[in-house]
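Text of final_14.txt, listed as compact mmCIF, C-alpha atoms and all ligand atoms:
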# COMPACT_ATOMS: atom_id res chain seq x y z
CA MET A 110 -6.30 -201.91 -52.62
CA THR A 111 -6.91 -198.53 -50.97
CA SER A 112 -9.72 -196.15 -51.90
CA SER A 113 -7.49 -193.17 -51.02
CA GLU A 114 -6.33 -190.77 -53.69
CA VAL A 115 -2.55 -191.06 -53.98
CA TRP A 116 -0.87 -187.66 -53.67
CA ASP A 117 1.48 -187.07 -56.60
CA GLU A 118 4.84 -185.31 -56.86
CA GLU A 119 3.38 -181.93 -57.80
CA THR A 120 0.90 -181.95 -54.92
CA ALA A 121 3.63 -183.02 -52.50
CA ALA A 122 6.00 -180.28 -53.70
CA ARG A 123 3.30 -177.62 -53.13
CA TYR A 124 2.02 -179.03 -49.84
CA ASP A 125 4.02 -177.09 -47.26
CA ALA A 126 3.54 -173.73 -49.02
CA GLU A 127 -0.20 -174.24 -49.43
CA ALA A 128 -0.54 -175.50 -45.86
CA ALA A 129 1.57 -172.61 -44.48
CA ALA A 130 -1.19 -171.44 -42.12
CA HIS A 131 -1.22 -174.91 -40.53
CA PHE A 132 2.53 -174.70 -39.82
CA ALA A 133 2.01 -171.48 -37.82
CA PRO A 134 3.06 -171.81 -34.15
CA GLU A 135 -0.43 -170.85 -32.94
CA VAL A 136 -1.82 -173.92 -34.78
CA LEU A 137 1.04 -176.34 -34.37
CA ASP A 138 2.16 -175.67 -30.79
CA PRO A 139 -1.12 -176.66 -29.06
CA THR A 140 -1.28 -179.77 -31.28
CA VAL A 141 2.23 -180.87 -30.39
CA ASP A 142 1.74 -179.92 -26.70
CA LEU A 143 -1.28 -182.19 -26.37
CA LEU A 144 0.27 -185.09 -28.32
CA GLU A 145 3.44 -184.88 -26.23
CA ARG A 146 1.35 -185.01 -23.04
CA LEU A 147 -0.75 -187.93 -24.27
CA ALA A 148 2.33 -189.95 -25.31
CA GLU A 149 3.42 -189.94 -21.63
CA GLY A 150 7.05 -190.43 -22.63
CA GLY A 151 6.35 -193.48 -24.84
CA PRO A 152 6.72 -193.96 -28.60
CA ALA A 153 4.20 -192.49 -31.04
CA LEU A 154 3.01 -193.58 -34.47
CA GLU A 155 1.56 -191.07 -36.92
CA PHE A 156 -0.79 -192.42 -39.58
CA ALA A 157 -0.63 -190.35 -42.81
CA ILE A 158 2.42 -188.41 -41.62
CA GLY A 159 2.66 -186.49 -44.90
CA THR A 160 5.62 -184.11 -45.03
CA GLY A 161 6.02 -184.31 -41.25
CA ARG A 162 4.18 -181.11 -40.29
CA VAL A 163 3.25 -182.56 -36.85
CA GLY A 164 5.46 -185.65 -36.53
CA ILE A 165 8.74 -183.77 -36.95
CA PRO A 166 8.17 -181.13 -34.22
CA LEU A 167 6.84 -183.87 -31.92
CA ALA A 168 10.03 -185.90 -32.50
CA ALA A 169 12.04 -182.71 -31.80
CA ARG A 170 10.45 -182.68 -28.32
CA GLY A 171 12.04 -186.09 -27.67
CA VAL A 172 9.02 -188.31 -28.42
CA PRO A 173 10.13 -191.20 -30.67
CA VAL A 174 7.88 -190.87 -33.77
CA THR A 175 7.36 -193.41 -36.55
CA GLY A 176 5.20 -192.60 -39.57
CA ILE A 177 3.06 -194.51 -42.05
CA GLU A 178 2.31 -192.68 -45.30
CA LEU A 179 0.74 -193.79 -48.58
CA SER A 180 2.38 -191.23 -50.87
CA GLU A 181 6.07 -191.69 -51.72
CA PRO A 182 6.36 -188.08 -52.95
CA MET A 183 5.11 -186.84 -49.55
CA VAL A 184 7.77 -188.97 -47.83
CA THR A 185 10.42 -187.56 -50.20
CA GLN A 186 9.46 -184.07 -48.99
CA LEU A 187 9.72 -185.25 -45.37
CA ARG A 188 13.15 -186.73 -46.07
CA GLY A 189 14.36 -183.25 -47.06
CA LYS A 190 13.87 -182.30 -43.39
CA VAL A 191 14.77 -185.33 -41.25
CA THR A 192 16.68 -188.59 -41.62
CA GLU A 193 15.27 -192.12 -41.39
CA GLU A 194 16.98 -192.41 -37.98
CA GLN A 195 15.22 -189.29 -36.69
CA VAL A 196 11.74 -190.17 -38.01
CA PRO A 197 11.37 -193.61 -39.63
CA VAL A 198 8.52 -193.80 -42.15
CA ILE A 199 6.94 -196.81 -43.82
CA VAL A 200 5.34 -196.22 -47.20
CA GLY A 201 2.00 -198.00 -47.02
CA ASP A 202 -1.70 -197.86 -46.32
CA MET A 203 -2.62 -196.92 -42.76
CA THR A 204 -5.44 -199.49 -42.73
CA THR A 205 -3.13 -202.47 -43.23
CA THR A 206 0.53 -201.48 -42.74
CA VAL A 207 2.14 -202.75 -39.55
CA ALA A 208 5.06 -200.79 -38.11
CA PRO A 209 7.89 -202.40 -36.10
CA GLY A 210 7.01 -202.23 -32.41
CA ALA A 211 3.30 -202.85 -33.02
CA GLY A 212 1.62 -203.42 -29.66
CA SER A 213 4.00 -201.14 -27.77
CA PHE A 214 3.04 -197.62 -28.94
CA SER A 215 1.70 -195.20 -26.30
CA LEU A 216 0.08 -193.04 -28.93
CA VAL A 217 -1.24 -193.37 -32.48
CA PHE A 218 -2.47 -190.16 -34.08
CA LEU A 219 -4.14 -189.17 -37.33
CA VAL A 220 -4.61 -185.45 -37.80
CA TRP A 221 -6.07 -182.85 -40.13
CA ASN A 222 -9.18 -184.79 -41.20
CA SER A 223 -7.07 -187.55 -42.71
CA ILE A 224 -9.31 -190.44 -41.59
CA ALA A 225 -11.73 -189.07 -44.21
CA ASN A 226 -9.17 -189.77 -46.94
CA LEU A 227 -10.31 -193.38 -46.53
CA ARG A 228 -13.40 -193.37 -48.69
CA THR A 229 -15.23 -196.45 -47.43
CA GLN A 230 -16.69 -197.17 -44.01
CA ALA A 231 -14.97 -200.58 -43.99
CA GLU A 232 -11.54 -198.97 -44.40
CA GLN A 233 -12.26 -196.40 -41.71
CA VAL A 234 -13.18 -199.24 -39.32
CA GLN A 235 -10.00 -201.06 -40.37
CA CYS A 236 -7.99 -197.91 -39.62
CA PHE A 237 -9.29 -197.85 -36.03
CA ARG A 238 -8.46 -201.56 -35.75
CA ASN A 239 -4.95 -200.98 -37.08
CA ALA A 240 -4.45 -198.13 -34.61
CA ALA A 241 -5.58 -200.38 -31.74
CA HIS A 242 -3.28 -203.14 -32.98
CA HIS A 243 -0.27 -200.80 -32.59
CA LEU A 244 -1.19 -199.57 -29.09
CA ARG A 245 -0.06 -200.96 -25.76
CA PRO A 246 -2.90 -201.51 -23.26
CA GLY A 247 -3.86 -198.03 -22.00
CA GLY A 248 -2.35 -196.39 -25.11
CA ARG A 249 -4.29 -193.69 -26.93
CA PHE A 250 -5.60 -193.08 -30.44
CA VAL A 251 -6.15 -189.42 -31.34
CA ILE A 252 -7.83 -187.96 -34.39
CA ASP A 253 -8.85 -184.46 -35.33
CA LEU A 254 -11.67 -184.16 -37.76
CA TRP A 255 -14.20 -181.66 -39.06
CA VAL A 256 -17.85 -182.10 -38.17
CA PRO A 257 -19.71 -182.38 -41.49
CA PRO A 258 -21.53 -179.01 -41.88
CA ILE A 259 -24.77 -180.63 -43.03
CA GLN A 260 -26.86 -178.15 -41.01
CA ARG A 261 -25.49 -175.43 -43.31
CA LEU A 262 -26.87 -177.12 -46.43
CA LEU A 263 -29.90 -175.30 -47.81
CA PRO A 264 -32.82 -177.66 -48.59
CA GLY A 265 -32.22 -179.31 -51.96
CA GLU A 266 -28.64 -177.96 -52.21
CA GLU A 267 -25.45 -180.01 -52.01
CA ALA A 268 -22.70 -177.36 -51.69
CA VAL A 269 -21.36 -175.53 -48.61
CA PRO A 270 -18.79 -172.69 -48.78
CA MET A 271 -15.91 -173.57 -46.45
CA SER A 272 -13.35 -170.81 -46.96
CA LEU A 273 -13.62 -167.59 -48.93
CA ASP A 274 -10.53 -165.46 -49.10
CA ASP A 275 -8.79 -163.63 -51.93
CA GLU A 276 -6.18 -166.32 -52.56
CA HIS A 277 -8.11 -169.47 -51.74
CA LEU A 278 -11.77 -170.33 -52.24
CA VAL A 279 -13.12 -173.68 -51.02
CA PHE A 280 -16.54 -175.21 -51.21
CA ASP A 281 -17.53 -178.75 -50.34
CA THR A 282 -20.27 -180.86 -51.88
CA TYR A 283 -21.98 -183.52 -49.79
CA ASP A 284 -23.90 -186.64 -50.81
CA LEU A 285 -26.14 -187.44 -47.86
CA VAL A 286 -26.77 -191.00 -49.04
CA THR A 287 -23.21 -192.23 -49.58
CA GLN A 288 -21.45 -189.82 -47.14
CA GLU A 289 -19.15 -188.83 -50.00
CA CYS A 290 -17.68 -185.35 -49.85
CA ALA A 291 -15.80 -183.51 -52.59
CA SER A 292 -13.72 -180.52 -51.55
CA HIS A 293 -13.29 -178.03 -54.41
CA HIS A 294 -10.29 -175.70 -54.06
CA TYR A 295 -9.61 -172.66 -56.23
CA TYR A 296 -6.17 -171.05 -55.72
CA ARG A 297 -5.39 -167.65 -57.24
CA SER A 298 -1.77 -167.23 -58.35
CA GLU A 299 0.21 -163.97 -58.36
CA ASP A 300 -0.26 -163.69 -62.14
CA GLY A 301 -4.04 -163.79 -61.60
CA SER A 302 -4.53 -167.29 -63.00
CA VAL A 303 -6.66 -169.76 -61.02
CA ARG A 304 -5.83 -173.40 -60.27
CA HIS A 305 -8.63 -175.82 -59.42
CA GLY A 306 -8.20 -179.07 -57.48
CA VAL A 307 -10.73 -181.51 -56.01
CA GLY A 308 -10.19 -183.86 -53.08
CA HIS A 309 -12.53 -186.76 -52.40
CA PHE A 310 -13.43 -187.92 -48.89
CA ARG A 311 -15.91 -189.93 -46.86
CA TYR A 312 -17.30 -187.83 -44.03
CA LEU A 313 -18.13 -189.39 -40.67
CA TRP A 314 -19.77 -188.20 -37.48
CA PRO A 315 -18.20 -188.15 -34.00
CA SER A 316 -20.71 -190.83 -32.91
CA GLU A 317 -19.72 -192.98 -35.90
CA CYS A 318 -16.08 -192.61 -34.86
CA ASP A 319 -17.02 -193.81 -31.36
CA LEU A 320 -18.69 -196.89 -32.81
CA MET A 321 -15.60 -197.61 -34.94
CA ALA A 322 -13.48 -197.18 -31.81
CA GLN A 323 -15.74 -199.58 -29.90
CA LEU A 324 -15.37 -202.19 -32.68
CA ALA A 325 -11.60 -201.83 -32.31
CA GLY A 326 -11.60 -202.26 -28.51
CA LEU A 327 -11.06 -198.57 -27.72
CA GLU A 328 -13.08 -196.36 -25.38
CA LEU A 329 -13.59 -192.61 -25.50
CA GLU A 330 -11.42 -190.72 -23.02
CA SER A 331 -12.09 -187.14 -24.15
CA ARG A 332 -13.56 -185.05 -26.94
CA SER A 333 -12.78 -181.35 -27.36
CA ALA A 334 -13.58 -178.79 -30.00
CA ASP A 335 -9.88 -177.99 -30.57
CA TRP A 336 -6.35 -178.84 -29.46
CA GLN A 337 -6.59 -176.37 -26.57
CA GLY A 338 -9.38 -178.43 -24.97
CA SER A 339 -12.38 -176.12 -25.57
CA PRO A 340 -15.64 -177.92 -24.80
CA PHE A 341 -17.20 -179.82 -27.70
CA LEU A 342 -20.69 -178.38 -28.30
CA SER A 343 -23.53 -178.95 -30.75
CA THR A 344 -22.23 -175.89 -32.63
CA SER A 345 -18.59 -177.12 -32.83
CA ASP A 346 -17.31 -177.55 -36.37
CA HIS A 347 -14.35 -179.67 -35.33
CA HIS A 348 -13.39 -182.30 -32.77
CA VAL A 349 -10.20 -183.65 -31.26
CA SER A 350 -11.07 -187.09 -29.91
CA VAL A 351 -8.98 -189.37 -27.73
CA TRP A 352 -9.74 -193.08 -27.24
CA ARG A 353 -7.88 -195.49 -24.98
CA LYS A 354 -7.14 -199.14 -25.55
CA LYS A 355 -8.69 -201.25 -22.79
C1 LIG B 401 -4.10 -183.60 -45.25
S1 LIG B 401 -2.64 -184.56 -45.49
C2 LIG B 401 -2.06 -184.61 -43.82
C3 LIG B 401 -0.58 -184.82 -43.72
C4 LIG B 401 0.00 -184.57 -42.33
N1 LIG B 401 -0.52 -185.51 -41.34
C5 LIG B 401 -0.27 -183.14 -41.87
O1 LIG B 401 -1.00 -182.97 -40.89
O2 LIG B 401 0.22 -182.21 -42.51
C6 LIG B 401 -3.29 -186.20 -45.75
C7 LIG B 401 -2.23 -187.26 -45.92
O3 LIG B 401 -2.88 -188.54 -45.88
C8 LIG B 401 -2.15 -189.40 -46.72
N2 LIG B 401 -2.98 -190.60 -46.95
C9 LIG B 401 -4.15 -190.66 -47.64
N3 LIG B 401 -4.64 -191.90 -47.62
C10 LIG B 401 -3.76 -192.66 -46.91
C11 LIG B 401 -3.72 -194.04 -46.56
N4 LIG B 401 -4.69 -194.88 -46.93
N5 LIG B 401 -2.68 -194.48 -45.80
C12 LIG B 401 -1.68 -193.63 -45.42
N6 LIG B 401 -1.67 -192.31 -45.75
C13 LIG B 401 -2.69 -191.83 -46.48
C14 LIG B 401 -1.90 -188.52 -47.93
O4 LIG B 401 -0.93 -189.07 -48.79
C15 LIG B 401 -1.48 -187.22 -47.26
O5 LIG B 401 -0.10 -187.21 -47.00
Once you've parsed the file, please lay out its structure as structure tokens.
Ligand SMILES: C[S@@+](CC[C@H](N)C(=O)[O-])C[C@H]1O[C@@H](n2cnc3c(N)ncnc32)[C@H](O)[C@@H]1O
Amino acid sequence: MTSSEVWDEETAARYDAEAAAHFAPEVLDPTVDLLERLAEGGPALEFAIGTGRVGIPLAARGVPVTGIELSEPMVTQLRGKVTEEQVPVIVGDMTTTVAPGAGSFSLVFLVWNSIANLRTQAEQVQCFRNAAHHLRPGGRFVIDLWVPPIQRLLPGEEAVPMSLDDEHLVFDTYDLVTQECASHHYYRSEDGSVRHGVGHFRYLWPSECDLMAQLAGLELESRSADWQGSPFLSTSDHHVSVWRKK
């Protein structure tokens, strides 16, 4: 039984429009460039493939991509863009689902903070183990993840503003004991009405990711602040991390 929230039909139908900025070539191209390079011509597996934002353009570059995705409605959206032959997807939990070809993938990737959709430490560890299980020796596991902005919390406060623009306001709340995070989104519609949605996550640190990787038999190859390879610094709010299977 997964701790993840299951994305429903309405959320899936809105996903691409609300994530439009993340489909922009300046965001997507460097992501796909790096993943294509890291796959080294071998097959790739995307955990939590969603509507195929990254997996589909990667497959269009000639990298064979398989997906695992928990939400059937998200897969239905993906199927409006590509066939099962072009990008096969298994509906299931990325901590336990095993894709055909397990043990032969060059690359497993899990992008846009999605490891944090797993809301227990045990499941996050299991996710690293499942990634390692799918990789060939020398294959890579890549995640991109925000660095929890705990240093921006005022003493005694639990909320941090994450994005403040006219159409979309986001603030996160953090529980420092349980590492639970709730992301509160307020979207303003054209008619002026406001829609509120909350996503629940478990935040984790880069060093905690490394320990999970170690438990899964993976070792850190690189960590950057973004997909372009900028150095990861103490001020970075994001990391793209690459581990290799020994
Ligand atoms: C932020 S979206 C990212 C989708 C896509 N990778 C992208 O970059 O656009 C998070 C996705 O994780 C999926 N997800 C959440 N928990 C999951 C789980 N336990 N196993 C597989 N997919 C999961 C959700 O259904 C959703 O499609």
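With only C-alpha atoms and all ligand atoms as the basis for measurement, A:Gly201 is the residue among A:Pro139, A:Gly265, A:Gly201, A:Gly176 that approaches ligand LIG 401 (chain B) most closely.
One finds CA of Arg238 in chain A at 17.8 Å from CA of Leu254 in chain A.
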Quiz item: Can you tell me which residues sit at most 9 Å away from ligand LIG 401 (chain B), counting only C-alpha atoms and all ligand atoms, written as a ChimeraX atom specification?
Solution: /A:111-117,121,124-125,128,131-132,155-164,177-184,200-206,218-228,232,236
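What separates CA of Pro246 in chain A from CA of Gln323 in chain A is a distance of 14.6 Å.
For the pair CA of His293 in chain A and CA of Leu273 in chain A, the interatomic distance is 11.8 Å.
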All file atoms of range 272-282 of chain A boxed axis-aligned, 4 Å per side, centre plus edges, as lines of an AutoDock Vina configuration file:
center_x = -13.2
center_y = -172.2
center_z = -49.8
size_x = 22.1
size_y = 25.2
size_z = 13.6
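Nearest-residue note for Gln337 in chain A: choosing from A:Leu144, A:Ala133, A:Val256, A:Ala169, the minimum distance belongs to A:Leu144, counting only C-alpha atoms.
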Quiz prompt | Among listed residues A:Pro257, A:Gln186, A:Gln233, A:Gly212, nearest Pro152 in chain A (using only C-alpha atoms) | solution = A:Gly212
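Shortest atom-to-atom contact with Leu327 in chain A among A:Arg304, A:Arg245, A:Arg311, A:His347: A:Arg245, counting all atoms listed in the file.
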Exercise. Could you give me, as an MDAnalysis selection string, the residues that sit within 7 Å of (5.1, -177.5, -32.5) in the file's coordinates, counting only C-alpha atoms?
Key: chainID A and resid 134 137:138 140:141 163 166:167
Exercise. Write out as a ChimeraX atom specification the residues lying within 6 Å of Ser292 in chain A, counting all atoms listed in the file and excluding same-chain residues fewer than 2 positions away.
Key: /A:281,307-308
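Across A:Ala129, A:Tyr283, A:Leu278, A:Glu299, the tightest approach to Glu266 in chain A is made by A:Tyr283 when counting only C-alpha atoms.
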Quiz item: Excluding same-chain residues fewer than 6 positions from range 241-243 of chain A, what lies within 8 Å of it counting all atoms listed in the file, as a PyMOL selection string?
Solution: chain A and resi 207-208+210-214+217+250+325-327+354
